[in-house]
file entry.pdb (PDB, C-alpha atoms)
ATOM      1  CA  MET A   1      -6.629  -3.703 -78.314
ATOM      2  CA  LYS A   2      -8.506  -6.391 -76.510
ATOM      3  CA  HIS A   3      -5.257  -7.735 -75.068
ATOM      4  CA  ALA A   4      -4.228  -4.254 -73.941
ATOM      5  CA  GLY A   5      -7.590  -3.827 -72.227
ATOM      6  CA  GLN A   6      -7.172  -7.105 -70.394
ATOM      7  CA  VAL A   7      -3.691  -6.116 -69.211
ATOM      8  CA  LYS A   8      -5.034  -2.759 -68.054
ATOM      9  CA  GLY A   9      -7.835  -4.480 -66.160
ATOM     10  CA  VAL A  10      -5.378  -6.847 -64.467
ATOM     11  CA  LEU A  11      -3.132  -3.938 -63.499
ATOM     12  CA  ILE A  12      -6.056  -2.014 -62.037
ATOM     13  CA  GLY A  13      -7.083  -5.123 -60.112
ATOM     14  CA  ILE A  14      -3.563  -5.562 -58.744
ATOM     15  CA  ILE A  15      -3.365  -1.887 -57.760
ATOM     16  CA  LEU A  16      -6.732  -2.088 -56.009
ATOM     17  CA  ALA A  17      -5.669  -5.261 -54.205
ATOM     18  CA  VAL A  18      -2.440  -3.600 -53.068
ATOM     19  CA  VAL A  19      -4.317  -0.501 -51.889
ATOM     20  CA  VAL A  20      -6.873  -2.593 -49.985
ATOM     21  CA  LEU A  21      -4.103  -4.719 -48.487
ATOM     22  CA  GLY A  22      -2.239  -1.562 -47.494
ATOM     23  CA  VAL A  23      -5.318  -0.031 -45.870
ATOM     24  CA  VAL A  24      -6.080  -3.265 -44.001
ATOM     25  CA  SER A  25      -2.436  -3.566 -42.882
ATOM     26  CA  VAL A  26      -2.353   0.047 -41.640
ATOM     27  CA  ALA A  27      -5.661  -0.390 -39.818
ATOM     28  CA  TRP A  28      -4.387  -3.654 -38.272
ATOM     29  CA  TYR A  29      -1.150  -1.954 -37.151
ATOM     30  CA  ILE A  30      -2.941   1.072 -35.700
ATOM     31  CA  ASN A  31      -5.425  -1.138 -33.874
ATOM     32  CA  GLY A  32      -2.693  -3.319 -32.352
ATOM     33  CA  TYR A  33      -0.550  -0.306 -31.413
ATOM     34  CA  ASN A  34      -3.487   1.539 -29.867
ATOM     35  CA  ARG A  35      -4.520  -1.533 -27.898
ATOM     36  CA  ALA A  36      -1.064  -1.739 -26.318
ATOM     37  CA  VAL A  37      -1.223   1.954 -25.402
ATOM     38  CA  ASN A  38      -4.772   1.690 -24.034
ATOM     39  CA  LEU A  39      -3.896  -1.333 -21.891
ATOM     40  CA  GLU A  40      -0.896   0.531 -20.494
ATOM     41  CA  GLU A  41      -3.024   3.587 -19.727
ATOM     42  CA  GLY A  42      -5.594   1.346 -18.040
ATOM     43  CA  ALA A  43      -2.886  -0.118 -15.815
ATOM     44  CA  LYS A  44      -1.558   3.377 -15.054
ATOM     45  CA  THR A  45      -5.005   4.614 -14.064
ATOM     46  CA  ALA A  46      -5.594   1.554 -11.884
ATOM     47  CA  TRP A  47      -2.208   2.059 -10.221
ATOM     48  CA  SER A  48      -3.029   5.724  -9.621
ATOM     49  CA  ASN A  49      -6.086   4.617  -7.632
ATOM     50  CA  VAL A  50      -3.935   2.194  -5.623
ATOM     51  CA  ASP A  51      -1.370   4.917  -5.016
ATOM     52  CA  THR A  52      -4.042   7.336  -3.815
ATOM     53  CA  ALA A  53      -5.388   4.784  -1.313
ATOM     54  CA  LEU A  54      -1.889   3.864  -0.129
ATOM     55  CA  GLN A  55      -0.979   7.522   0.368
ATOM     56  CA  ARG A  56      -4.136   8.017   2.433
ATOM     57  CA  ARG A  57      -2.949   5.175   4.653
ATOM     58  CA  LEU A  58       0.525   6.715   4.850
ATOM     59  CA  ASP A  59      -1.029  10.045   5.877
ATOM     60  CA  LEU A  60      -2.852   8.357   8.785
ATOM     61  CA  ILE A  61       0.259   6.637  10.116
ATOM     62  CA  PRO A  62       2.036   9.590  11.814
ATOM     63  CA  ASN A  63      -1.048  10.361  13.944
ATOM     64  CA  LEU A  64      -1.556   6.676  14.712
ATOM     65  CA  VAL A  65       2.080   6.257  15.750
ATOM     66  CA  ALA A  66       1.957   9.412  17.866
ATOM     67  CA  THR A  67      -1.113   8.095  19.705
ATOM     68  CA  VAL A  68       0.354   4.645  20.321
ATOM     69  CA  ARG A  69       3.731   6.081  21.325
ATOM     70  CA  GLY A  70       2.097   7.740  24.292
ATOM     71  CA  TYR A  71       1.325   4.285  25.725
ATOM     72  CA  ALA A  72       4.192   2.217  24.318
ATOM     73  CA  GLU A  73       7.249   4.438  24.144
ATOM     74  CA  HIS A  74       9.548   1.413  24.548
ATOM     75  CA  GLU A  75       8.434   0.090  21.110
ATOM     76  CA  LYS A  76      11.017   2.429  19.617
ATOM     77  CA  GLU A  77      12.286  -0.085  17.033
ATOM     78  CA  LEU A  78       8.786  -0.646  15.665
ATOM     79  CA  PHE A  79       8.182   3.091  15.309
ATOM     80  CA  GLU A  80      11.537   3.532  13.557
ATOM     81  CA  ASN A  81      10.837   0.694  11.125
ATOM     82  CA  ILE A  82       7.426   2.170  10.296
ATOM     83  CA  ALA A  83       9.052   5.532   9.597
ATOM     84  CA  LYS A  84      11.672   3.892   7.355
ATOM     85  CA  SER A  85       9.060   1.951   5.385
ATOM     86  CA  ARG A  86       7.047   5.115   4.934
ATOM     87  CA  GLU A  87      10.141   6.914   3.634
ATOM     88  CA  LYS A  88      10.839   4.076   1.190
ATOM     89  CA  TYR A  89       7.442   4.556  -0.389
ATOM     90  CA  PHE A  90       8.065   8.255  -1.006
ATOM     91  CA  GLN A  91      11.640   7.806  -2.261
ATOM     92  CA  PRO A  92      12.152   9.879  -5.428
ATOM     93  CA  GLY A  93      12.469   7.738  -8.530
ATOM     94  CA  GLY A  94      11.085   4.649  -6.809
ATOM     95  CA  THR A  95       9.655   2.076  -9.193
ATOM     96  CA  ARG A  96       6.167   0.658  -8.915
ATOM     97  CA  ALA A  97       7.626  -2.669  -7.749
ATOM     98  CA  GLU A  98       9.610  -0.862  -5.013
ATOM     99  CA  LYS A  99       6.484   0.963  -3.854
ATOM    100  CA  ILE A 100       4.616  -2.338  -3.689
ATOM    101  CA  ALA A 101       7.441  -3.874  -1.633
ATOM    102  CA  ALA A 102       7.466  -0.888   0.747
ATOM    103  CA  SER A 103       3.693  -1.094   1.137
ATOM    104  CA  ASN A 104       3.812  -4.820   1.885
ATOM    105  CA  GLU A 105       6.513  -4.250   4.490
ATOM    106  CA  LEU A 106       4.463  -1.490   6.045
ATOM    107  CA  SER A 107       1.367  -3.710   6.175
ATOM    108  CA  GLY A 108       3.177  -6.171   8.449
ATOM    109  CA  LEU A 109       4.442  -3.374  10.681
ATOM    110  CA  LEU A 110       0.961  -1.865  10.929
ATOM    111  CA  SER A 111      -0.388  -5.225  12.069
ATOM    112  CA  ARG A 112       2.149  -5.194  14.884
ATOM    113  CA  LEU A 113       1.270  -1.606  15.765
ATOM    114  CA  LEU A 114      -2.449  -2.353  15.983
ATOM    115  CA  MET A 115      -1.778  -5.468  18.073
ATOM    116  CA  LEU A 116      -0.253  -3.298  20.774
ATOM    117  CA  GLN A 117      -3.748  -2.383  21.933
ATOM    118  CA  GLU A 118      -4.053  -5.919  23.330
ATOM    119  CA  ASN A 119      -1.270  -5.126  25.786
ATOM    120  CA  TYR A 120      -2.469  -1.633  26.669
ATOM    121  CA  PRO A 121      -6.131  -1.507  27.802
ATOM    122  CA  GLN A 122      -5.964   2.290  28.039
ATOM    123  CA  LEU A 123      -5.080   2.441  24.344
ATOM    124  CA  LYS A 124      -8.210   0.459  23.478
ATOM    125  CA  ALA A 125     -10.288   3.173  25.112
ATOM    126  CA  ASN A 126      -8.427   6.086  23.497
ATOM    127  CA  GLU A 127     -10.911   7.943  21.304
ATOM    128  CA  ASN A 128      -8.247   9.224  18.924
ATOM    129  CA  PHE A 129      -6.843   5.702  18.478
ATOM    130  CA  LEU A 130     -10.293   4.252  17.806
ATOM    131  CA  THR A 131     -11.057   6.964  15.240
ATOM    132  CA  LEU A 132      -7.751   6.425  13.459
ATOM    133  CA  GLN A 133      -8.264   2.667  13.528
ATOM    134  CA  THR A 134     -11.686   3.050  11.897
ATOM    135  CA  GLN A 135     -10.257   5.353   9.235
ATOM    136  CA  LEU A 136      -7.436   2.898   8.622
ATOM    137  CA  GLU A 137      -9.865  -0.003   8.220
ATOM    138  CA  GLY A 138     -11.842   1.969   5.646
ATOM    139  CA  THR A 139      -8.634   2.809   3.822
ATOM    140  CA  GLU A 140      -7.555  -0.841   3.810
ATOM    141  CA  ASN A 141     -10.874  -1.746   2.176
ATOM    142  CA  ARG A 142     -10.270   0.853  -0.525
ATOM    143  CA  ILE A 143      -6.735  -0.483  -1.004
ATOM    144  CA  ASN A 144      -8.085  -4.013  -1.449
ATOM    145  CA  VAL A 145     -10.573  -2.911  -4.117
ATOM    146  CA  ALA A 146      -8.021  -0.734  -5.930
ATOM    147  CA  ARG A 147      -5.378  -3.477  -5.731
ATOM    148  CA  THR A 148      -7.747  -6.031  -7.278
ATOM    149  CA  ARG A 149      -8.649  -3.684 -10.137
ATOM    150  CA  TYR A 150      -4.994  -2.856 -10.720
ATOM    151  CA  ASN A 151      -4.034  -6.542 -10.859
ATOM    152  CA  GLU A 152      -6.855  -7.176 -13.337
ATOM    153  CA  ALA A 153      -5.655  -4.309 -15.547
ATOM    154  CA  GLY A 154      -2.074  -5.557 -15.158
ATOM    155  CA  GLN A 155      -3.115  -9.078 -16.131
ATOM    156  CA  ARG A 156      -4.720  -7.813 -19.344
ATOM    157  CA  LEU A 157      -1.630  -5.774 -20.188
ATOM    158  CA  ASN A 158       0.865  -8.501 -19.296
ATOM    159  CA  SER A 159      -1.053 -11.106 -21.294
ATOM    160  CA  TYR A 160      -1.025  -8.843 -24.350
ATOM    161  CA  THR A 161       2.722  -8.183 -24.074
ATOM    162  CA  ARG A 162       3.307 -11.945 -24.201
ATOM    163  CA  GLN A 163       1.052 -12.669 -27.174
ATOM    164  CA  PHE A 164       2.617 -13.246 -30.604
ATOM    165  CA  PHE A 165       1.443 -10.026 -32.208
ATOM    166  CA  GLY A 166       0.873  -8.242 -28.907
ATOM    167  CA  SER A 167       4.553  -8.446 -28.040
ATOM    168  CA  PHE A 168       5.372  -6.829 -31.389
ATOM    169  CA  PHE A 169       2.975  -3.936 -30.885
ATOM    170  CA  SER A 170       4.040  -3.522 -27.247
ATOM    171  CA  ARG A 171       7.673  -3.165 -28.281
ATOM    172  CA  ARG A 172       6.729  -0.677 -30.976
ATOM    173  CA  ALA A 173       4.716   1.383 -28.469
ATOM    174  CA  GLY A 174       7.360   1.086 -25.734
ATOM    175  CA  VAL A 175       4.889  -0.724 -23.482
ATOM    176  CA  GLU A 176       6.223  -3.151 -20.865
ATOM    177  CA  ALA A 177       4.695  -5.670 -18.486
ATOM    178  CA  VAL A 178       3.882  -4.352 -15.004
ATOM    179  CA  ALA A 179       4.475  -5.745 -11.517
ATOM    180  CA  TYR A 180       1.477  -7.290  -9.790
ATOM    181  CA  PHE A 181       0.381  -6.178  -6.325
ATOM    182  CA  GLU A 182       0.191  -9.690  -4.909
ATOM    183  CA  ALA A 183       1.700  -9.942  -1.453
ATOM    184  CA  THR A 184      -0.301  -7.403   0.553
ATOM    185  CA  GLU A 185      -3.100  -9.778   1.513
ATOM    186  CA  GLN A 186      -0.568 -12.239   2.923
ATOM    187  CA  ALA A 187       1.183  -9.443   4.785
ATOM    188  CA  ARG A 188      -2.139  -8.371   6.309
ATOM    189  CA  THR A 189      -3.425 -11.828   7.249
ATOM    190  CA  GLU A 190      -0.232 -13.344   8.590
ATOM    191  CA  VAL A 191      -0.074 -11.344  11.798
ATOM    192  CA  PRO A 192       3.465 -11.357  13.192
ATOM    193  CA  LYS A 193       4.223 -12.269  16.770
ATOM    194  CA  VAL A 194       4.962  -9.331  19.008
ATOM    195  CA  ASP A 195       7.628  -9.488  21.685
ATOM    196  CA  PHE A 196       6.490  -7.447  24.683
ATOM    197  CA  LYS A 197       9.672  -7.911  26.685
ATOM    198  CA  GLY A 198      10.425  -4.828  28.654
ATOM    199  CA  GLY A 199       6.771  -3.766  28.580
ATOM    200  CA  PRO A 200       5.032  -2.130  31.520
ATOM    201  CA  ASN A 201       3.224  -5.338  32.487
ATOM    202  CA  GLU A 202       6.410  -7.162  33.405
TER     203      GLU A 202
END

call {"tool": "encode", "arguments": {"input": "entry.pdb", "output": "structure tokens"}}
result
Amino acid sequence: MKHAGQVKGVLIGIILAVVVLGVVSVAWYINGYNRAVNLEEGAKTAWSNVDTALQRRLDLIPNLVATVRGYAEHEKELFENIAKSREKYFQPGGTRAEKIAASNELSGLLSRLLMLQENYPQLKANENFLTLQTQLEGTENRINVARTRYNEAGQRLNSYTRQFFGSFFSRRAGVEAVAYFEATEQARTEVPKVDFKGGPNE
């Protein structure tokens, strides 16, 4: 009887250990899975804020181009390239990386557009141009803040997808690394040279 009681006690201990191990394993799995999902949602939310700021900039561009065109009609190629870059951003099915590339391209073109005021004194005094320029500057500040927060969220997500267990949970949750929004600052600070050949001052 005593032996049977000992065996029963061992069996109960084993069962309890298995149950505890199972509960801990399930909790560990759920926690890892949920972390992957939460990091992805954080990156999505951060990107949504970037997208909102970028679309505000894209909404300002037609009016800005229309104002500048009145003084620099011969800059037809620049206006066409701006329109094409804007279209690229809104292309159906475009990936996040493609939107980032289109935005970076547009940043360089916008720098060229704003530089035209140096060649057209009347444009500098145009009230509509000055208002749009101020709005654009405010939008660029919002883009910078949103871009930084998105990259931080992306860094947390991308780091997790590369970790030993994180990569496992990310695959299980269908979560993938995201593209960083890195090149915009370079596109904004490296102002391209503008060729004014054929301009009215020649």

call {"tool": "atom_distance", "arguments": {"input": "entry.pdb", "atom1": "atom CA of Val175 of chain A", "atom2": "atom CA of Thr161 of chain A"}}
result
7.8 Å

call {"tool": "atom_distance", "arguments": {"input": "entry.pdb", "atom1": "atom CA of Ser159 of chain A", "atom2": "atom CA of Val23 of chain A"}}
result
27.3 Å

call {"tool": "resolve_selection", "arguments": {"input": "entry.pdb", "expression": "the PyMOL selection byres ((chain A and resi 35) around 10)", "output": "PDB file with C-alpha atoms, in the frame of the given file"}}
result
ATOM      1  CA  TYR A  29      -1.150  -1.954 -37.151  1.00  0.00           C
ATOM      2  CA  ILE A  30      -2.941   1.072 -35.700  1.00  0.00           C
ATOM      3  CA  ASN A  31      -5.425  -1.138 -33.874  1.00  0.00           C
ATOM      4  CA  GLY A  32      -2.693  -3.319 -32.352  1.00  0.00           C
ATOM      5  CA  TYR A  33      -0.550  -0.306 -31.413  1.00  0.00           C
ATOM      6  CA  ASN A  34      -3.487   1.539 -29.867  1.00  0.00           C
ATOM      7  CA  ALA A  36      -1.064  -1.739 -26.318  1.00  0.00           C
ATOM      8  CA  VAL A  37      -1.223   1.954 -25.402  1.00  0.00           C
ATOM      9  CA  ASN A  38      -4.772   1.690 -24.034  1.00  0.00           C
ATOM     10  CA  LEU A  39      -3.896  -1.333 -21.891  1.00  0.00           C
ATOM     11  CA  GLU A  40      -0.896   0.531 -20.494  1.00  0.00           C
ATOM     12  CA  GLU A  41      -3.024   3.587 -19.727  1.00  0.00           C
ATOM     13  CA  LEU A 157      -1.630  -5.774 -20.188  1.00  0.00           C
ATOM     14  CA  TYR A 160      -1.025  -8.843 -24.350  1.00  0.00           C
ATOM     15  CA  GLY A 166       0.873  -8.242 -28.907  1.00  0.00           C
ATOM     16  CA  PHE A 169       2.975  -3.936 -30.885  1.00  0.00           C
ATOM     17  CA  SER A 170       4.040  -3.522 -27.247  1.00  0.00           C
ATOM     18  CA  ALA A 173       4.716   1.383 -28.469  1.00  0.00           C
TER      19      ALA A 173
END

call {"tool": "atom_distance", "arguments": {"input": "entry.pdb", "atom1": "atom CA of Gln117 of chain A", "atom2": "atom CA of Leu130 of chain A"}}
result
10.2 Å

call {"tool": "residues_around", "arguments": {"input": "entry.pdb", "residues": "segment 96-99 of chain A", "least_positions_apart": "4", "cutoff": "7 Å", "atoms": "all atoms listed in the file", "output": "PyMOL selection string"}}
result
chain A and resi 89+103+179

call {"tool": "residues_around", "arguments": {"input": "entry.pdb", "residues": "Arg147 of chain A", "least_positions_apart": "3", "cutoff": "8 Å", "atoms": "all atoms listed in the file", "output": "PDB file with C-alpha atoms, in the frame of the given file"}}
result
ATOM      1  CA  ALA A  46      -5.594   1.554 -11.884  1.00  0.00           C
ATOM      2  CA  TRP A  47      -2.208   2.059 -10.221  1.00  0.00           C
ATOM      3  CA  VAL A  50      -3.935   2.194  -5.623  1.00  0.00           C
ATOM      4  CA  ILE A 143      -6.735  -0.483  -1.004  1.00  0.00           C
ATOM      5  CA  ASN A 144      -8.085  -4.013  -1.449  1.00  0.00           C
ATOM      6  CA  TYR A 150      -4.994  -2.856 -10.720  1.00  0.00           C
ATOM      7  CA  ASN A 151      -4.034  -6.542 -10.859  1.00  0.00           C
ATOM      8  CA  PHE A 181       0.381  -6.178  -6.325  1.00  0.00           C
TER       9      PHE A 181
END

call {"tool": "residues_around", "arguments": {"input": "entry.pdb", "residues": "Leu58 of chain A", "least_positions_apart": "4", "cutoff": "9 Å", "atoms": "all atoms listed in the file", "output": "tab-separated table (two decimals) with C-alpha atoms, in the frame of the given file"}}
result
chain	number	residue	atom	x	y	z
A	53	ALA	CA	-5.39	4.78	-1.31
A	54	LEU	CA	-1.89	3.86	-0.13
A	62	PRO	CA	2.04	9.59	11.81
A	86	ARG	CA	7.05	5.12	4.93
A	89	TYR	CA	7.44	4.56	-0.39

call {"tool": "resolve_selection", "arguments": {"input": "entry.pdb", "expression": "the PyMOL selection byres ((chain A and resi 56) around 12)", "output": "PyMOL selection string"}}
result
chain A and resi 49-55+57-62+86+132+135-143
